[in-house]
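See below for the structure under consideration.
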Amino acid sequence: MSTPAFLDSTEYPFAQIERDTQAYWAKHDSFRTYEHIKPKDKAKPKDKFYCLAMFPYPSGKLHMGHVRNYTLADVIARFQTLQGKQVLHPMGWDAFGLPAENAARLHHCAPADWTKRNIDDMRGQLQRLGFSYDWSREIATCHPDYYRWEQWFFIQLYQKGLVYRKQSIVNWDPVDQTVLANEQVIDGKGWRSGAPVERREIPQWFLKITDYADELLEDLAQLTEWPEQVRTMQANWIGRSQGLALDFAVVEHSQALSVYTTRPDTLMGVTYLAIAGKHPLALIAAQHSADIQTFIQSCDLGKVAEADLATATKRGINTGLFAVHPLTQEKLPIWIANFVLMEYGSGAVMCVPAHDQRDWEFAKAYQLPIRAVIRPAEQSNVDITQEAFTEKGVLFNSGEFDDLSSAQAFERIADQLSQQGIGQRQTHYRLRDWGVSRQRYWGTPIPMIYCQHCGTVPVPEGDLPVLLPTNIQMDDSGRSPLHTDASFHQVNCPNCQQPAKRETDTFDTFMESSWYYARFTAARENNTMLTQAANDWLPVDHYVGGIEHAVLHLLYARFFHKLMRDMGLVNSDEPFKRLLCQGMVVSDTFYRTDPDGKRTYFYPHEVTLTRDDKGRPLQALLIADGLPVHMGGIEKMSKSKNNGVDPQQLIDRYGADTVRLFILFAAPPDQSLEWSEAGVEGAHRFLKRLWRQVQSHQQQVQLHQPPLPTPAEAASISELKDVRRKIHSTLQKATDDLGRRLTFNTAIAGVMELFNTLQKLEGSDANICAIRQEGLEIIVLILAPITPHIGHVLWQQLGYREPLHQTPWRQADTNALLTDSINWAIQINGKLRGQLTTALQIEEADLIAQAKAVSSVAKFLENQTLVKTVMVAKKLVNFVVRAN
RNA sequence: GCCCGGGUGGCGGAAUAGGUAGACGCAAGGGACUUAAAAUCCCUCGAGUGGUAACACUCGUGCCGGUUCGAUUCCGGCCCCGGGCACCA
């Protein structure tokens, strides 16, 4: 595609502007932040501000989601610098992970080499976008200088008893003989082998995050600068509940069946119990029944993900065993059900089909009795023929508990079972301990050794780091090369020096991303994990990243912070003070359906749209053959849909400032952003107009003998007074938008509005030049965090020697903001009927009289009775009327 | 299935604390400049009805209902779209 002529760079030489400005920043080390805060003026130390964006996985090239994330954080960092803060704004690489192994297999190279190349490419792209990073603190999590401290920390946790090993289920590919990630299981089959996936138990390491469940839940209240939705999601994820643990005796067995319920009030409605296929009772029942054995085996098929378990068809089989109801002594059948897992809780549940929808469906399917015991408070009965009644209410059919409310019954039943010694109140959490073992190569080696004589032995501190061998080839099996690399796993026991085996699993990559924010404060430190600098800088004042991390990453990082605090490494309770979650970047998709039903997607640039006379799109045509393609709607940018836009091409074509401006202007940060090439051109057009305006303004200024009048003097002319009010109200609003609201789109809209106002100023007399000078300065200042390159040059042209990126922000002039009149909206019954302009001071009676006299209002008052008059100060008068 | 969001012109969005719906930008249409094109500049632009016109009125923020003098905003019920669900990061 040829470059359109309007991008003639002599008109707005963005390429040169951006090259020169970046060279200036590099030469002056403009964004270097020193390890300890060193205020220039010791009497007034600068406040610190730590701004951080979630570091990227080095997948190859930067995508638009990255550009959005890092542009948002850069605006925040630069804005805070202009506010006079000492800003830390680092960048690094979340460099371990599954894609590197897949790419290495595909390209027959080592994951380390592939990762390093990607980091080098992506670093160059970030630099081209002009982000204000302190590159001296760059970290990559695959470097031993980083992960050695993670190994060290894990051993500390092990010694504190916060780490344990237990059996846990994974997706097992029986053909490739390997563990699969959830995303590697497609329709219940392994992505490479196509074999049905099994659930298999293997020993894995866990961190006791549940020990911190209460604190993680309660400290959410401190996070007042986090989005409410994220706090709600985390609270629900932790899922603290109050309930009752109770025992059901099992007929002809000494071992009771333990269950937990949050609804003891429904106890009289229990008609059966369900247990996991791996429950000891299930295994006993299976000894004499081939059907039960087959059923238990079938429970082991399929993926481990909760969404799949929850949506799977509910199946079960009767064990033939019976439990005894603790209150009625009734015999209740015990079933094995595929929706009960041995991993979570006790592996057994009591079932109340009348008051739990899942139990209801299971009971219907297997003709089990359904007994209603709760009714709505205002009704004498309850209808459970169509679905379960799951709300709380009043008990019936419950003997001595009849007519109690659910809450009262909870207490009475809990008391009674406690006294009998077969039940006790318990706090439960939905949150489960964090399994950190991964059966993969490209990750941090878990620093443990298994010795036949000494058991599990942590690697001694002096032997750290346990280095991950990087000179390896991935084979096609999908298995980790660490299993076959004897030089890695054959070691001597640190205790007894006998031959032993090193752990070959690596850490979940969430481990690395749980503490990197702290390591940036001591990135080059070789002797300890963290230093005093962590307390100088933490918590992170502003963290920016995708909403998809709302629970897992952000919860794990909060957990890690508390672990580090309890180890004396940091002294704060929470890692991230303020959080901004950005939306996705989406764009149009176009495709054709092949005869066999497969879709072929086309890039937006391969397609042209035809429109009707109102500009509505009619159809899309493929440029190559002129024939129609299907418009597939708007989707998240992805390789598979061919709707991704390469940031690099746009930067080359329009410049980094244009890309930054568009990405901030097109939507508020937390909403999804719809990509539009025409919108990018609009952003570019604005920067061109700004560039030209400053050039022509400079020519006009040079016609005058300096000095120009001050802006306040120039504003004595009433027309200019209005313009100056606009300048200062724009500054006031933009300051609020950039600092408090983070609505960069409205700040930019305000700047455009102000620019349009300035452009309408005709003439070149000294007063006009003075006002225009002030207006252009404010525009460049507001845009400084957004489009820093053009700003850097325009600031010099407007007469400043101090570089824009460290100039102090300005306060709006309160005198300039004063008005001398009020515009009132006049409503009849809440509907706008007229406008009225009055002096600032006006008597209420006078205002009402004038408002009634406005002709567009008066005609609606004829033949009406005035019921009342509502007034909103300085804004609105509403006459409430009724027809006569 | 469960948890959390979102839905406003042809399009992206604005309306910050219940008070003038549609700022700003894009697309589209018309015009100026030009040999021409691009670029640039100016004008129009939610829908409907009436009017030669200025203009006037009605409707309108996913759907149904409620609270209120007044609802895009608050409440109840639904529909659709998106994010997460513990081994993608």
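The way I read the labels, and the way they are meant: chains A, B, ... in the order of the structure tokens, residue 1 as the first residue of every chain, and ligand 1 as the first ligand shown, with later ones counted on from there.
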
task = Please give the complete set of residues from segment 161-304 of chain A that DSSP, run on the backbone, assigns to alpha helix (DSSP H), formatted as a ChimeraX atom specification.
result = /A:213-218,228-238,280-286,290-299

The selected residues should be written to file as an mmCIF file, in the first residue's frame (atoms: C-alpha atoms).
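So selection-v4.cif came out as:
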```
data_model
loop_
_atom_site.group_PDB
_atom_site.id
_atom_site.type_symbol
_atom_site.label_atom_id
_atom_site.label_comp_id
_atom_site.auth_asym_id
_atom_site.auth_seq_id
_atom_site.Cartn_x
_atom_site.Cartn_y
_atom_site.Cartn_z
ATOM 1 C CA ALA A 213 -7.654 -16.448 53.478
ATOM 2 C CA ASP A 214 -9.097 -14.293 56.236
ATOM 3 C CA GLU A 215 -6.501 -11.578 55.845
ATOM 4 C CA LEU A 216 -6.759 -11.588 52.061
ATOM 5 C CA LEU A 217 -10.510 -11.171 52.424
ATOM 6 C CA GLU A 218 -10.497 -8.564 55.150
ATOM 7 C CA GLU A 228 -15.167 -2.406 43.076
ATOM 8 C CA GLN A 229 -15.681 -5.296 40.652
ATOM 9 C CA VAL A 230 -12.186 -6.671 41.286
ATOM 10 C CA ARG A 231 -12.672 -6.581 45.039
ATOM 11 C CA THR A 232 -16.016 -8.332 44.665
ATOM 12 C CA MET A 233 -14.526 -11.004 42.424
ATOM 13 C CA GLN A 234 -11.717 -11.666 44.901
ATOM 14 C CA ALA A 235 -14.119 -11.804 47.844
ATOM 15 C CA ASN A 236 -16.299 -14.313 45.979
ATOM 16 C CA TRP A 237 -13.268 -16.315 44.951
ATOM 17 C CA ILE A 238 -12.109 -16.628 48.566
ATOM 18 C CA PRO A 280 -12.790 -44.948 50.481
ATOM 19 C CA LEU A 281 -16.443 -46.048 50.721
ATOM 20 C CA ALA A 282 -16.736 -45.987 46.946
ATOM 21 C CA LEU A 283 -13.698 -48.220 46.670
ATOM 22 C CA ILE A 284 -15.237 -50.645 49.165
ATOM 23 C CA ALA A 285 -18.486 -50.703 47.221
ATOM 24 C CA ALA A 286 -16.582 -51.334 44.008
ATOM 25 C CA ALA A 290 -18.144 -54.482 38.121
ATOM 26 C CA ASP A 291 -20.707 -51.760 37.311
ATOM 27 C CA ILE A 292 -19.430 -49.554 40.090
ATOM 28 C CA GLN A 293 -15.828 -50.154 39.001
ATOM 29 C CA THR A 294 -16.718 -49.127 35.459
ATOM 30 C CA PHE A 295 -18.530 -46.069 36.707
ATOM 31 C CA ILE A 296 -15.606 -44.976 38.884
ATOM 32 C CA GLN A 297 -13.247 -45.365 35.939
ATOM 33 C CA SER A 298 -15.533 -43.229 33.779
ATOM 34 C CA CYS A 299 -15.332 -40.467 36.396
#
```

inquiry  = I need the contact residues of chain B against chain A, so if you could list those with any atom within 9 Å, counting only C-alpha atoms (C1' of nucleotides), and return them as an NGL selection string, that would help.
reply    = :B and (1-6 or 10-14 or 16 or 19-20 or 23-29 or 38-39 or 69-70 or 83-89)

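You will find atom CA of Gly347 of chain A at 15.5 Å from atom CA of Ala249 of chain A.
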
key: Spatial neighbours of segment 43-49 of chain B, max dist 8 Å, only C-alpha atoms (C1' of nucleotides), sep filter under 4 positions, as a list in words   = G9, G22, G29, G30, G31, U58, C59 and G60 of chain B

message = Which of segment 278-455 of chain A end up as strand (DSSP E or B) when DSSP is run on this backbone - answer as a PyMOL selection string?
response = chain A and resi 301+316-324+331-337+348-351+374-375+394-395+405+423-428+434-435+437-438+445+448-451+455
